[in-house]
Amino acid sequence: TERWEKTKKYHFEEDKKRSIMAEVLLRHSLKKNFGITREHVQFTTNRFGKPMLKNFEHIHFNLAHSGDWVVCGVSNDPIGIDVEIIKFIDLGVAKSFFRRYEYNDILNQPKEKQIKYFYKLWTLKESYVKAEGKGLSIPLDSFSFCILPHVIHMYEGNELSKKYCFQVFN
């Protein structure tokens, strides 16, 4: 099937298994929430390579996997989802790819929370470009996030965007 072909791109066996499990979650959700059976599920992609359901363009989905986690989001509206293992990373990545004040927000966190805050921003950015369906053709510094205690604001350029609602989970 298409999924087996897709899994060939993964170097590690565990990533292949996660990829297959993500599709199992998707198919289960499609059956449970929309009544779409296995034989009616056909995949296509948009011009940027984002997977879509053929003949069900009104149903949006997104898959992600990392470490022990496999996540699937399905909605009637465009959706993006990301999951990451929190591990050490050179924060220079944020300096290179994020807006200046996002990078400063990271540095303004207590030292022991900087990496975790970086990953909050990173997963928000990943989920946005995935929801948009354009992948990294959208520069990561062309939009930004402000994470407040009870709300997350996204800005396209300098304008507050109300296009999506964002959540971060541990």
# chains A, B, ... in the order shown; residues from 1 in each chain; ligands from 1

call {"tool": "residues_around", "arguments": {"residues": "Pro149 in chain A", "least_positions_apart": "3", "cutoff": "12 Å", "atoms": "only C-alpha atoms", "output": "PyMOL selection string"}}
result
chain A and resi 146+152-153+167-168

call {"tool": "select_by_dssp", "arguments": {"residues": "chain A", "states": "strand (DSSP E)", "output": "PyMOL selection string"}}
result
chain A and resi 43-45+51-53+60-66+69-75+143-147+152-156+159-161

call {"tool": "write_last_selection", "arguments": {"atoms": "N, CA and C atoms", "output": "tab-separated table (two decimals), in the first residue's frame"}}
result
chain	number	residue	atom	x	y	z
A	43	PHE	N	-5.74	8.38	-0.55
A	43	PHE	CA	-4.97	9.57	-0.24
A	43	PHE	C	-4.48	10.23	-1.50
A	44	THR	N	-4.37	11.53	-1.41
A	44	THR	CA	-3.76	12.34	-2.44
A	44	THR	C	-2.93	13.39	-1.71
A	45	THR	N	-2.28	14.27	-2.42
A	45	THR	CA	-1.52	15.34	-1.77
A	45	THR	C	-1.81	16.66	-2.47
A	51	PRO	N	-0.60	15.41	2.73
A	51	PRO	CA	-1.60	14.37	2.46
A	51	PRO	C	-3.02	14.89	2.68
A	52	MET	N	-3.90	14.42	1.82
A	52	MET	CA	-5.33	14.77	1.91
A	52	MET	C	-6.15	13.54	1.56
A	53	LEU	N	-7.43	13.58	1.90
A	53	LEU	CA	-8.33	12.49	1.54
A	53	LEU	C	-8.97	12.78	0.19
A	60	HIS	N	-10.27	17.21	7.17
A	60	HIS	CA	-8.84	17.54	7.27
A	60	HIS	C	-8.21	16.66	8.36
A	61	PHE	N	-6.96	16.30	8.15
A	61	PHE	CA	-6.26	15.50	9.15
A	61	PHE	C	-4.79	15.87	9.18
A	62	ASN	N	-4.15	15.50	10.26
A	62	ASN	CA	-2.73	15.70	10.39
A	62	ASN	C	-2.18	14.64	11.33
A	63	LEU	N	-0.99	14.15	11.01
A	63	LEU	CA	-0.35	13.09	11.78
A	63	LEU	C	1.03	13.54	12.20
A	64	ALA	N	1.48	13.03	13.34
A	64	ALA	CA	2.84	13.31	13.80
A	64	ALA	C	3.27	12.17	14.72
A	65	HIS	N	4.57	11.95	14.78
A	65	HIS	CA	5.09	10.95	15.71
A	65	HIS	C	6.51	11.32	16.10
A	66	SER	N	6.84	10.98	17.34
A	66	SER	CA	8.17	11.24	17.88
A	66	SER	C	8.32	10.42	19.15
A	69	TRP	N	5.44	8.56	21.10
A	69	TRP	CA	4.16	9.18	20.81
A	69	TRP	C	3.81	9.14	19.33
A	70	VAL	N	2.53	8.83	19.09
A	70	VAL	CA	1.93	8.92	17.76
A	70	VAL	C	0.65	9.70	17.96
A	71	VAL	N	0.46	10.77	17.20
A	71	VAL	CA	-0.75	11.59	17.36
A	71	VAL	C	-1.44	11.77	16.02
A	72	CYS	N	-2.75	11.91	16.10
A	72	CYS	CA	-3.58	12.08	14.91
A	72	CYS	C	-4.64	13.11	15.24
A	73	GLY	N	-4.80	14.10	14.38
A	73	GLY	CA	-5.87	15.07	14.53
A	73	GLY	C	-6.74	15.04	13.29
A	74	VAL	N	-8.06	15.03	13.48
A	74	VAL	CA	-9.02	15.00	12.38
A	74	VAL	C	-10.07	16.07	12.67
A	75	SER	N	-10.44	16.82	11.63
A	75	SER	CA	-11.37	17.93	11.85
A	75	SER	C	-12.10	18.28	10.56
A	143	PHE	N	6.09	34.42	10.84
A	143	PHE	CA	4.99	34.43	11.80
A	143	PHE	C	5.59	34.13	13.18
A	144	SER	N	4.82	34.44	14.21
A	144	SER	CA	5.37	34.28	15.56
A	144	SER	C	4.27	33.98	16.56
A	145	PHE	N	4.72	33.55	17.73
A	145	PHE	CA	3.79	33.22	18.81
A	145	PHE	C	4.16	33.97	20.08
A	146	CYS	N	3.14	34.32	20.82
A	146	CYS	CA	3.29	34.89	22.15
A	146	CYS	C	2.50	33.97	23.08
A	147	ILE	N	3.23	33.26	23.94
A	147	ILE	CA	2.60	32.30	24.84
A	147	ILE	C	2.33	32.99	26.18
A	152	ILE	N	-2.66	31.61	23.71
A	152	ILE	CA	-1.52	31.68	22.80
A	152	ILE	C	-1.93	32.55	21.63
A	153	HIS	N	-1.19	33.61	21.38
A	153	HIS	CA	-1.46	34.49	20.25
A	153	HIS	C	-0.48	34.18	19.13
A	154	MET	N	-1.00	34.20	17.90
A	154	MET	CA	-0.15	34.04	16.73
A	154	MET	C	-0.21	35.33	15.91
A	155	TYR	N	0.94	35.72	15.42
A	155	TYR	CA	1.04	36.92	14.59
A	155	TYR	C	1.60	36.54	13.23
A	156	GLU	N	0.92	37.00	12.19
A	156	GLU	CA	1.46	36.89	10.83
A	156	GLU	C	2.05	38.26	10.54
A	159	GLU	N	0.73	41.40	12.54
A	159	GLU	CA	-0.72	41.42	12.74
A	159	GLU	C	-1.19	40.19	13.51
A	160	LEU	N	-2.02	40.41	14.55
A	160	LEU	CA	-2.61	39.32	15.30
A	160	LEU	C	-3.49	38.50	14.37
A	161	SER	N	-3.31	37.20	14.36
A	161	SER	CA	-4.10	36.31	13.51
A	161	SER	C	-5.12	35.56	14.34

call {"tool": "residues_around", "arguments": {"residues": "Phe118 in chain A", "least_positions_apart": "5", "cutoff": "9 Å", "atoms": "only C-alpha atoms", "output": "PDB file with C-alpha atoms, in the first residue's frame"}}
result
ATOM      1  CA  ILE A  89      19.164  21.405  21.359  1.00  0.00           C
ATOM      2  CA  LEU A  91      19.223  27.332  20.980  1.00  0.00           C
ATOM      3  CA  ALA A  94      15.844  29.544  17.384  1.00  0.00           C
ATOM      4  CA  GLU A 102      10.635  34.720  20.217  1.00  0.00           C
ATOM      5  CA  TYR A 103      14.327  34.011  20.644  1.00  0.00           C
ATOM      6  CA  ILE A 106      13.361  31.804  25.207  1.00  0.00           C
ATOM      7  CA  LYS A 113      13.008  26.052  31.274  1.00  0.00           C
ATOM      8  CA  THR A 123       5.684  22.590  17.936  1.00  0.00           C
TER       9      THR A 123
END

call {"tool": "residues_around", "arguments": {"residues": "Val24 in chain A", "least_positions_apart": "2", "cutoff": "12 Å", "atoms": "only C-alpha atoms", "output": "PyMOL selection string"}}
result
chain A and resi 3+17-22+26-31+38+41+63+70-72

call {"tool": "atom_distance", "arguments": {"atom1": "CA of Gly67 in chain A", "atom2": "CA of His11 in chain A"}}
result
14.3 Å

call {"tool": "closest_residue", "arguments": {"among": "A:Lys134, A:Gln42, A:Arg99, A:Asp68", "to": "Glu23 in chain A", "atoms": "only C-alpha atoms"}}
result
A:Gln42

call {"tool": "closest_residue", "arguments": {"among": "A:Asn108, A:Gln114, A:Asn170, A:Ser142", "to": "Asp82 in chain A", "atoms": "only C-alpha atoms"}}
result
A:Asn170

call {"tool": "select_by_dssp", "arguments": {"residues": "range 13-137 of chain A", "states": "helix (DSSP H, G or I)", "output": "PyMOL selection string"}}
result
chain A and resi 13-34+38-40+92-97+100-107+111-132+135-137

call {"tool": "closest_residue", "arguments": {"among": "A:Glu126, A:Glu112, A:Glu14, A:Asp141", "to": "Ser96 in chain A", "atoms": "only C-alpha atoms"}}
result
A:Asp141

call {"tool": "closest_residue", "arguments": {"among": "A:Val83, A:Ile59, A:Gly157, A:Val151", "to": "Lys120 in chain A", "atoms": "only C-alpha atoms"}}
result
A:Val83

call {"tool": "closest_residue", "arguments": {"among": "A:Gly92, A:Arg47, A:Phe56, A:Leu140", "to": "Gly35 in chain A", "atoms": "only C-alpha atoms"}}
result
A:Phe56

call {"tool": "decode", "arguments": {"residues": "range 33-55 of chain A", "atoms": "N, CA, C and O atoms", "output": "CSV table (one decimal), in the first residue's frame"}}
result
chain,number,residue,atom,x,y,z
A,33,ASN,N,-15.7,8.6,13.5
A,33,ASN,CA,-16.3,10.0,13.5
A,33,ASN,C,-17.0,10.3,12.2
A,33,ASN,O,-17.9,11.2,12.2
A,34,PHE,N,-16.7,9.7,11.1
A,34,PHE,CA,-17.3,10.1,9.8
A,34,PHE,C,-17.9,8.9,9.1
A,34,PHE,O,-18.4,9.1,8.0
A,35,GLY,N,-17.8,7.7,9.6
A,35,GLY,CA,-18.3,6.5,8.9
A,35,GLY,C,-17.6,6.1,7.6
A,35,GLY,O,-18.2,5.4,6.8
A,36,ILE,N,-16.4,6.6,7.5
A,36,ILE,CA,-15.7,6.3,6.2
A,36,ILE,C,-14.9,5.0,6.4
A,36,ILE,O,-14.0,4.9,7.3
A,37,THR,N,-15.2,4.0,5.7
A,37,THR,CA,-14.6,2.7,5.8
A,37,THR,C,-13.3,2.6,5.0
A,37,THR,O,-13.1,3.4,4.1
A,38,ARG,N,-12.5,1.6,5.3
A,38,ARG,CA,-11.2,1.4,4.8
A,38,ARG,C,-11.2,1.4,3.3
A,38,ARG,O,-10.3,2.1,2.6
A,39,GLU,N,-12.2,0.8,2.6
A,39,GLU,CA,-12.2,0.7,1.2
A,39,GLU,C,-12.5,2.1,0.5
A,39,GLU,O,-12.2,2.2,-0.7
A,40,HIS,N,-13.0,3.0,1.3
A,40,HIS,CA,-13.3,4.4,0.7
A,40,HIS,C,-12.1,5.4,1.0
A,40,HIS,O,-12.2,6.5,0.5
A,41,VAL,N,-11.1,5.0,1.7
A,41,VAL,CA,-10.0,5.9,2.0
A,41,VAL,C,-9.0,5.8,0.9
A,41,VAL,O,-8.4,4.8,0.7
A,42,GLN,N,-8.8,6.9,0.3
A,42,GLN,CA,-7.8,7.1,-0.7
A,42,GLN,C,-7.1,8.4,-0.4
A,42,GLN,O,-7.7,9.4,-0.2
A,43,PHE,N,-5.7,8.4,-0.5
A,43,PHE,CA,-5.0,9.6,-0.2
A,43,PHE,C,-4.5,10.2,-1.5
A,43,PHE,O,-4.2,9.6,-2.5
A,44,THR,N,-4.4,11.5,-1.4
A,44,THR,CA,-3.8,12.3,-2.4
A,44,THR,C,-2.9,13.4,-1.7
A,44,THR,O,-2.9,13.4,-0.5
A,45,THR,N,-2.3,14.3,-2.4
A,45,THR,CA,-1.5,15.3,-1.8
A,45,THR,C,-1.8,16.7,-2.5
A,45,THR,O,-2.2,16.7,-3.6
A,46,ASN,N,-1.6,17.7,-1.7
A,46,ASN,CA,-1.7,19.0,-2.4
A,46,ASN,C,-0.4,19.3,-3.1
A,46,ASN,O,0.5,18.5,-3.0
A,47,ARG,N,-0.2,20.5,-3.7
A,47,ARG,CA,1.0,20.8,-4.5
A,47,ARG,C,2.2,20.9,-3.6
A,47,ARG,O,3.3,20.9,-4.1
A,48,PHE,N,2.0,21.0,-2.3
A,48,PHE,CA,3.2,21.1,-1.4
A,48,PHE,C,3.5,19.7,-0.7
A,48,PHE,O,4.4,19.6,0.1
A,49,GLY,N,2.7,18.7,-1.1
A,49,GLY,CA,3.0,17.4,-0.6
A,49,GLY,C,2.2,17.0,0.7
A,49,GLY,O,2.4,15.9,1.2
A,50,LYS,N,1.3,17.9,1.1
A,50,LYS,CA,0.5,17.6,2.3
A,50,LYS,C,-0.6,16.5,2.0
A,50,LYS,O,-1.3,16.7,1.0
A,51,PRO,N,-0.6,15.4,2.7
A,51,PRO,CA,-1.6,14.4,2.5
A,51,PRO,C,-3.0,14.9,2.7
A,51,PRO,O,-3.3,15.7,3.6
A,52,MET,N,-3.9,14.4,1.8
A,52,MET,CA,-5.3,14.8,1.9
A,52,MET,C,-6.1,13.5,1.6
A,52,MET,O,-5.6,12.6,1.0
A,53,LEU,N,-7.4,13.6,1.9
A,53,LEU,CA,-8.3,12.5,1.5
A,53,LEU,C,-9.0,12.8,0.2
A,53,LEU,O,-9.6,13.8,0.0
A,54,LYS,N,-8.8,11.9,-0.7
A,54,LYS,CA,-9.5,12.0,-2.0
A,54,LYS,C,-11.0,11.8,-1.8
A,54,LYS,O,-11.4,10.8,-1.1
A,55,ASN,N,-11.8,12.6,-2.5
A,55,ASN,CA,-13.2,12.6,-2.4
A,55,ASN,C,-13.8,13.0,-1.1
A,55,ASN,O,-15.0,12.9,-0.9
